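Below: one structure, written as structure tokens.
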Amino acid sequence: MTSPTATPDDPHHRDPYAGFPGTVGRTFAESTPAWPSRVRPREGAPNIVVVLIDDMGYSDIGPFGAEIPTPTLDRLAATGVRLANYHTMPLCSPARAALLTGLNPHRVGYSFVANADPGFPGYGMEVAGDIPTLAELLHDNGYATYAVGKWHLTRDSASSAADNRANWPLQKGFDQYYGVLEGLTSLFHPHQLVRDNSPLDIDEFPDGYYYTDDITDQAIAMVKSLRAHDADKPFFLYLAHNAVHGPLQAKPEDLARHRGRYDGGWDELRTSRFARQLAAGHFPPGTELPDRNSEAGYEVGPWDELTPVQQKLYARYMEVYAAMVDNVDQNLGRLTDTLAALGELDNTIILFTSDNGGTGEGGAEGTRSYFSRFVHHPRLPDDWNPDVEREIGLIGGPQSLVHYPRGWGMASNTPFRLYKGQTYAGGVRVPFVLSWPAGLPRSEGDSGVRAQYQYVTDILPTLLELAGVERPSSRRGEPVQGLDGVSFTPVLRSAGAESTHAEQYCEMTGNRSYYRDGWKLVTLHRPGAPYDDSEWALYDLRADPTEIHDVADQHQELVAELSAAWEAAAWRNGVFPLADGSGALALRGPEAERLRRPVILLPGTPELERYRSSRLIAFRSFTIETALDHHAEGDQGVLVSHGDQGGGYSLYIEDGRLHFAYNQYGELFETEAGAVPAGTRLITVEAAAVADLKWEFRLTVDGREAGRLGPVHQLIGMAPFQGISVGIDRKSPVSWPVHERHRSFRYTGGLRCVTYIPGDPAPYDPETVAQALTEAAAAFE
């Protein structure tokens with residue numbers, strides 16, 4: 001109805017009764033009510049759970065050949081479908097963007113991980129409003145939507161509490177979120193947990209805390225809460241693990257179950273896993289297991305040529321990795337038990353896969369110093385140590401940040417070549433299990449194995465079709481971008497169905513590939529080398545799924561044809577410009593300069609976010625001024641801390657004496673700077689950037705020099721990983737001995753403020769900083 005006093009010509013005063021289907025009189029008795037209809041999913045619509053694990057190779061779960069016990073995934077595979085020829089992107093953020101949108105990642109703006117902003121469309125690191133996510137589309141159709149775990153679709157510079165949060169999970173369709181916005185974290189001491197739209201201010205984690213358990217607890221609580229309030233509403237749960245991304249860390253009880261399992265080494269492991277894959281029908285008869293990776297910079301030597309000491313250490317790394325996989329499966333079991341208790345397991349679509357293949361980033365030897373191993377800088381000094389000594393009993397625990405040698409990454413990717421980051425199969429072919437007993441029952445005689453090629457962009461349209469949800473051509477009055485993915489529901493229903501995805505380009509940091517109807521054109525790009533057709537190799541995947549026999553010379557016309565197709569797809573999808581030796585990939589917009597201004601931190605300020613904190617100190621001299629209201633005898637505690645067990649520094653007073661602790665990527669240096677007299681007002685730390693990427697520290701108390709430390713290697717790349725805290729050393733400590741004595745050691749006296757004053761950049765900045773940050777981000781993701 002329309003109000004008799006309506007003013008239809010006034011655009012600033014909408015008639016409150018316009019469009020109301022009831023009638024309105026002066027009283028209720030003279031009126032007829034009406035209520036707006038609620039959006040409800042179709043009757044019996046399934047719940048949807050997408051479990052995305054991080055950096056897992058093709059062979060790392062039982063259904064794909066692993067010896068690691070994964071009984072929950074075994075049960076899901078026994079009732080569901082395994083895509084043995086599923087492909088993804090070779091890096092984290094691009095894969096996640098493709099999965100959640102159904103578009104090629106360059107079109108969405110994720111040519112790289114969300115740790116860059118070089119100023120080009122393919123690197124925007126923001127999901128535009130005309131690209132609805134799976135969560136938004138399901139939410140529009142009446143689903144509850146939850147996300148827990150790793151996000152990594154928010155640019156690191158936009159991860160602080162001051163950001164507009166436009167690309168945080170809740171703004172991309174999720175009702176609730178709990179996890180870590182960035183690409184990696186400590187599983188014992190996550191560096192910045194976020195709940196919904198707010199970073200959590202946490203001083204200490206309880207004993208026994210483990211992040212994989214925590215995010216599973218949160219997911220289960222979300223589902224239980226929904227069912228307590230609404231018995232029928234279906235839900236979409238995006239459970240994105242940070243495991244098994246480095247640093248590798250496992251609970252002691254999980255690690256104990258895998259002791260001795262890998263003493264036989266990676267060569268033996270590849271052979272046994274490949275045999276199980278062949279027996280399961282993952283590959284046609286005659287498929288060959290490639291030789292060990294031998295490409296320069298990626299090569300793996302024979303296990304038998306290692307010394308006994310090396311074998312013992314390297315086997316321990318793989319035990320930690322296996323324990324992490326084991327724990328993920330246990331937690332998935334807790335979730336499925338909850339769904340079973342609710343009577344909803346059969347009508348829940350559960351999809352398990354990985355964002356990319358297993359990694360070789362641990363190097364030939366692996367590391368116990370995660371952040372120093374991945375520092376990339378053209379002027380690293382000769383005494384730079386990419387490893388630190390750690391007792392073998394500490395490996396996998398909270399005091400060690402480790403990664404396995406790339407021989408285990410090769411084994412993870414059995415039977416494929418190369419690793420995460422490359423467009424060869426080792427980087428892009430990963431396990432894929434989908435189970436929905438109520439909607440996709442297996443027919444008699446169906447093994448559940450599917451050999452058809454499918455791609456990560458196909459997940460969104462497939463899940464929408466299974467849920468009975470149609471993707472609209474417009475949303476909120478605006479046209480939406482078209483999909484690149486195609487639903488593969490026919491493949492899920494029948495082993496004899498044709499692949500729905502006939503061709504696909506791929507690109508990552510210059511590594512390129514093009515797939516068409518069983519042929520694959522691929523490069524292993526050497527940084528700085530020209531982009532020309534001499535890089536291309538060609539494989540007939542129907543006869544050679546493990547990419548051993550390059551037939552480019554025999555099919556030069558096809559090479560030219562597919563190369564031209566890649567070029568056209570690259571322009572169409574926003575792939576260009578390609579990475580080169582300029583370091584431009586790590587350039588930041590002009591707004592980034594604001595993050596280098598001096599900052600005053602008052603007591604009670606929540607921990608400063610990692611990226612914001614790093615801008616105050618990276619590749620430069622800096623000064624920290626700690627102003628005290630009035631230091632009294634007996635006052636003690638941490639004045640300021642920045643970092644964690646992977647690298648950082650801490651200024652603290654203990655038993656009346658001033659101390660400065662410097663954690664050099666896991667190697668601890670400490671200096672005592674004498675007594676702090678009662679009445680002290682100002683304690684200063686001056687860091688001078690000197691030659692060879694080092695700092696020298698000078699401490700003063702009320703203007704009097706009190707101590708020095710250094711020279712020590714600067715913390716660069718992704719260190720310090722934990723941000724700046726005032727008056728406390730939160731979560732993962734800089735100094736483990738101090739943590740053992742005092743835990744987070746909150747300062748007991750009157751602390752007025754801490755001021756950071758960034759100084760002049762070092763001579764090795766700014767040209768080399770772009771290169772260093774680019775390579776550091778690439779190494780981590």
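How things are named: the first chain in the structure tokens is A, the next is B, and so on; residues count from 1 in each chain; ligands count from 1 in the order shown.
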
**OP:** Can you list, as number ranges by chain, all residues belonging to region 356-512 of chain A that DSSP tags as strand (DSSP E or B)?
**Re:** A: 367, 369, 401-403, 429, 432-435, 449-450, 454-455, 474-475, 478-479, 503-508, 511-512

If you keep C-alpha atoms, can you produce a file of those selected residues as a tab-separated table (two decimals), in the first residue's frame?
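Final output, saved to out.tsv:
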chain	number	residue	atom	x	y	z
A	367	THR	CA	66.56	-26.58	9.45
A	369	SER	CA	66.01	-22.22	12.47
A	401	LEU	CA	60.94	-23.94	14.55
A	402	VAL	CA	61.92	-26.63	12.09
A	403	HIS	CA	61.37	-27.76	8.54
A	429	ARG	CA	48.64	-32.41	-7.85
A	432	PHE	CA	41.25	-34.91	-2.91
A	433	VAL	CA	38.56	-36.82	-1.03
A	434	LEU	CA	34.83	-36.02	-1.15
A	435	SER	CA	32.16	-37.89	0.80
A	449	VAL	CA	38.83	-43.49	-7.77
A	450	ARG	CA	38.41	-40.92	-10.54
A	454	GLN	CA	39.69	-31.42	-12.61
A	455	TYR	CA	40.89	-28.07	-11.31
A	474	SER	CA	23.99	-10.34	-10.81
A	475	ARG	CA	24.14	-9.64	-7.11
A	478	GLU	CA	25.48	-5.41	-10.12
A	479	PRO	CA	26.68	-8.03	-12.64
A	503	GLU	CA	42.19	-26.99	-20.63
A	504	GLN	CA	43.87	-24.74	-18.09
A	505	TYR	CA	46.77	-22.30	-17.88
A	506	CYS	CA	48.90	-21.93	-14.75
A	507	GLU	CA	51.60	-19.47	-13.66
A	508	MET	CA	53.56	-18.88	-10.48
A	511	ASN	CA	56.84	-21.04	-13.72
A	512	ARG	CA	54.21	-21.73	-16.37

Subject >> Sel. of helix (DSSP H, G or I) residues, region 498-707 of chain A, as a PyMOL selection string >> reply: chain A and resi 533-535+552-573+584-586+590-596+610-615

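The space separating CA of Tyr86 (chain A) from CA of Phe352 (chain A) comes to 11.8 Å.
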
Subject >> Nearest to Lys731 (chain A), chosen from A:Gly397, A:Gly426, A:Pro190, A:Pro290, with only C-alpha atoms counted in the distances >> reply: A:Pro190

Subject >> Nearby residues (only C-alpha atoms) at most 7 Å from Pro431 (chain A), same-chain spacing under 4 positions excluded, as a ChimeraX atom specification >> reply: /A:58,64,353-354

Original post:
Could you name the residues that touch Ala45 (chain A) at 12 Å or less, counting only C-alpha atoms, but leaving out those on the same chain fewer than 5 positions away, as a list in words?
Top reply: Arg40, Leu138, Asn141, Gly142, Tyr143, Asp232, Lys233, Pro234, Phe235, Phe236, Glu344, Asp346, Asn347, Thr348, Ile349, Trp436, Ala438, Gly439, Leu463, Leu464, Glu465, Leu466, Ala467, Gly468 and Val469 of chain A

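Straight-line separation from CA of Ile202 (chain A) to CA of Val726 (chain A): 12.9 Å.
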
**OP:** For Arg572 (chain A), list every protein, DNA or RNA residue within 10 Å, evaluated using only C-alpha atoms, and leave out those in the same chain fewer than 6 positions away; present the list as an NGL selection string.
**Re:** :A and (106-107 or 566)

Restrict the selected residues to C-alpha atoms and save them as a PDB file, in the first residue's frame.
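Result file part05.pdb:
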ATOM      1  CA  HIS A 106      45.021 -13.834 -11.415  1.00  0.00           C
ATOM      2  CA  ARG A 107      41.537 -12.543 -12.289  1.00  0.00           C
ATOM      3  CA  TRP A 566      49.134 -19.899 -22.724  1.00  0.00           C
TER       4      TRP A 566
END

I'd like the neighbourhood of region 172-176 of chain A as a short mmCIF file (atom, residue, chain, number, x, y, z; two decimals) with all heavy atoms, in the first residue's frame, where a residue qualifies if any of its atoms comes within 7 Å (using only C-alpha atoms), though same-chain residues fewer than 5 positions away should be ignored.
data_model
loop_
_atom_site.label_atom_id
_atom_site.label_comp_id
_atom_site.auth_asym_id
_atom_site.auth_seq_id
_atom_site.Cartn_x
_atom_site.Cartn_y
_atom_site.Cartn_z
N THR A 133 32.11 -14.83 -3.12
CA THR A 133 32.75 -16.04 -2.62
C THR A 133 31.71 -17.13 -2.41
O THR A 133 30.49 -16.89 -2.37
CB THR A 133 33.46 -15.78 -1.29
OG1 THR A 133 32.48 -15.51 -0.28
CG2 THR A 133 34.44 -14.62 -1.40
N ALA A 135 31.16 -18.57 0.32
CA ALA A 135 30.45 -18.24 1.57
C ALA A 135 29.33 -17.24 1.31
O ALA A 135 28.22 -17.36 1.84
CB ALA A 135 31.43 -17.68 2.59
N GLU A 136 29.58 -16.22 0.50
CA GLU A 136 28.54 -15.23 0.21
C GLU A 136 27.36 -15.86 -0.52
O GLU A 136 26.20 -15.57 -0.22
CB GLU A 136 29.14 -14.09 -0.61
CG GLU A 136 30.08 -13.20 0.19
CD GLU A 136 30.78 -12.16 -0.67
OE1 GLU A 136 31.40 -12.54 -1.67
OE2 GLU A 136 30.72 -10.97 -0.32
N HIS A 139 25.48 -18.09 1.87
CA HIS A 139 24.81 -17.25 2.86
C HIS A 139 23.57 -16.59 2.25
O HIS A 139 22.51 -16.50 2.89
CB HIS A 139 25.78 -16.18 3.37
CG HIS A 139 25.32 -15.46 4.60
ND1 HIS A 139 24.48 -14.37 4.55
CD2 HIS A 139 25.57 -15.69 5.92
CE1 HIS A 139 24.24 -13.95 5.77
NE2 HIS A 139 24.88 -14.72 6.62
N ALA A 144 24.13 -20.99 7.17
CA ALA A 144 25.06 -20.43 8.15
C ALA A 144 26.47 -20.68 7.61
O ALA A 144 26.74 -21.72 7.01
CB ALA A 144 24.89 -21.09 9.50
N THR A 145 27.37 -19.72 7.81
CA THR A 145 28.70 -19.82 7.21
C THR A 145 29.77 -19.55 8.27
O THR A 145 29.75 -18.51 8.93
CB THR A 145 28.85 -18.81 6.05
OG1 THR A 145 28.48 -17.51 6.51
CG2 THR A 145 27.95 -19.20 4.88
N TYR A 146 30.70 -20.48 8.38
CA TYR A 146 31.74 -20.40 9.40
C TYR A 146 33.11 -20.66 8.76
O TYR A 146 33.25 -21.51 7.88
CB TYR A 146 31.50 -21.44 10.50
CG TYR A 146 30.14 -21.41 11.11
CD1 TYR A 146 29.31 -22.52 11.11
CD2 TYR A 146 29.66 -20.24 11.71
CE1 TYR A 146 28.05 -22.49 11.67
CE2 TYR A 146 28.40 -20.19 12.28
CZ TYR A 146 27.59 -21.32 12.25
OH TYR A 146 26.34 -21.27 12.81
N ALA A 147 34.11 -19.94 9.24
CA ALA A 147 35.50 -20.17 8.82
C ALA A 147 36.37 -20.25 10.06
O ALA A 147 36.25 -19.43 10.97
CB ALA A 147 35.99 -19.06 7.90
N ASN A 167 38.62 -7.05 3.40
CA ASN A 167 38.95 -8.36 2.84
C ASN A 167 39.15 -9.41 3.92
O ASN A 167 39.77 -10.44 3.69
CB ASN A 167 40.21 -8.26 1.97
CG ASN A 167 40.07 -9.01 0.67
OD1 ASN A 167 39.10 -8.83 -0.06
ND2 ASN A 167 41.02 -9.87 0.37
N ASP A 196 36.31 -13.25 14.65
CA ASP A 196 35.42 -12.40 13.85
C ASP A 196 36.21 -11.25 13.25
O ASP A 196 37.09 -11.47 12.44
CB ASP A 196 34.22 -11.95 14.68
CG ASP A 196 33.36 -13.13 15.14
OD1 ASP A 196 33.38 -14.17 14.45
OD2 ASP A 196 32.69 -13.03 16.19
#

Original post:
Do you know which residues are at most 12 Å from region 168-170 of chain A counting only C-alpha atoms, after dropping those on the same chain fewer than 2 positions away, and could you put them as a ChimeraX atom specification?
Top reply: /A:100,125-127,133-136,139,145-156,158-161,163-166,172-182,194-199,238

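Take the candidates A:Ala243, A:Leu709, A:Ile459, A:Val50 and check each one against Thr500 (chain A) using only C-alpha atoms; the shortest distance goes to A:Ile459.
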
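Between CA of Leu137 (chain A) and CA of Cys92 (chain A) the interatomic distance comes to 22.5 Å.
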
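Take the candidates A:Arg596, A:Glu470, A:Leu342, A:Leu83 and check each one against Ala451 (chain A) using only C-alpha atoms; the shortest distance goes to A:Leu83.
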
Original post:
From the set A:Thr423, A:Gln722, A:Ser59, A:Thr338, which residue has the shortest atom-to-atom contact distance to Asp217 (chain A), counting only C-alpha atoms?
Top reply: A:Thr338

Original post:
Using only C-alpha atoms, which of the listed residues (A:Val108, A:Leu332, A:Leu587, A:Ile716) sits closest to Asp213 (chain A)?
Top reply: A:Leu332

Closest contacts (region 143-208 of chain A/region 739-763 of chain A, max 12 Å, only C-alpha atoms) as a tab-separated table:
residue	atom	partner	partner_atom	distance
A:Ile202	CA	A:Ser744	CA	10.5
A:Asp203	CA	A:Ser744	CA	6.7
A:Glu204	CA	A:Ser744	CA	6.7
A:Phe205	CA	A:Ser744	CA	10.0
A:Pro206	CA	A:Arg743	CA	10.9
A:Asp207	CA	A:Arg743	CA	11.1
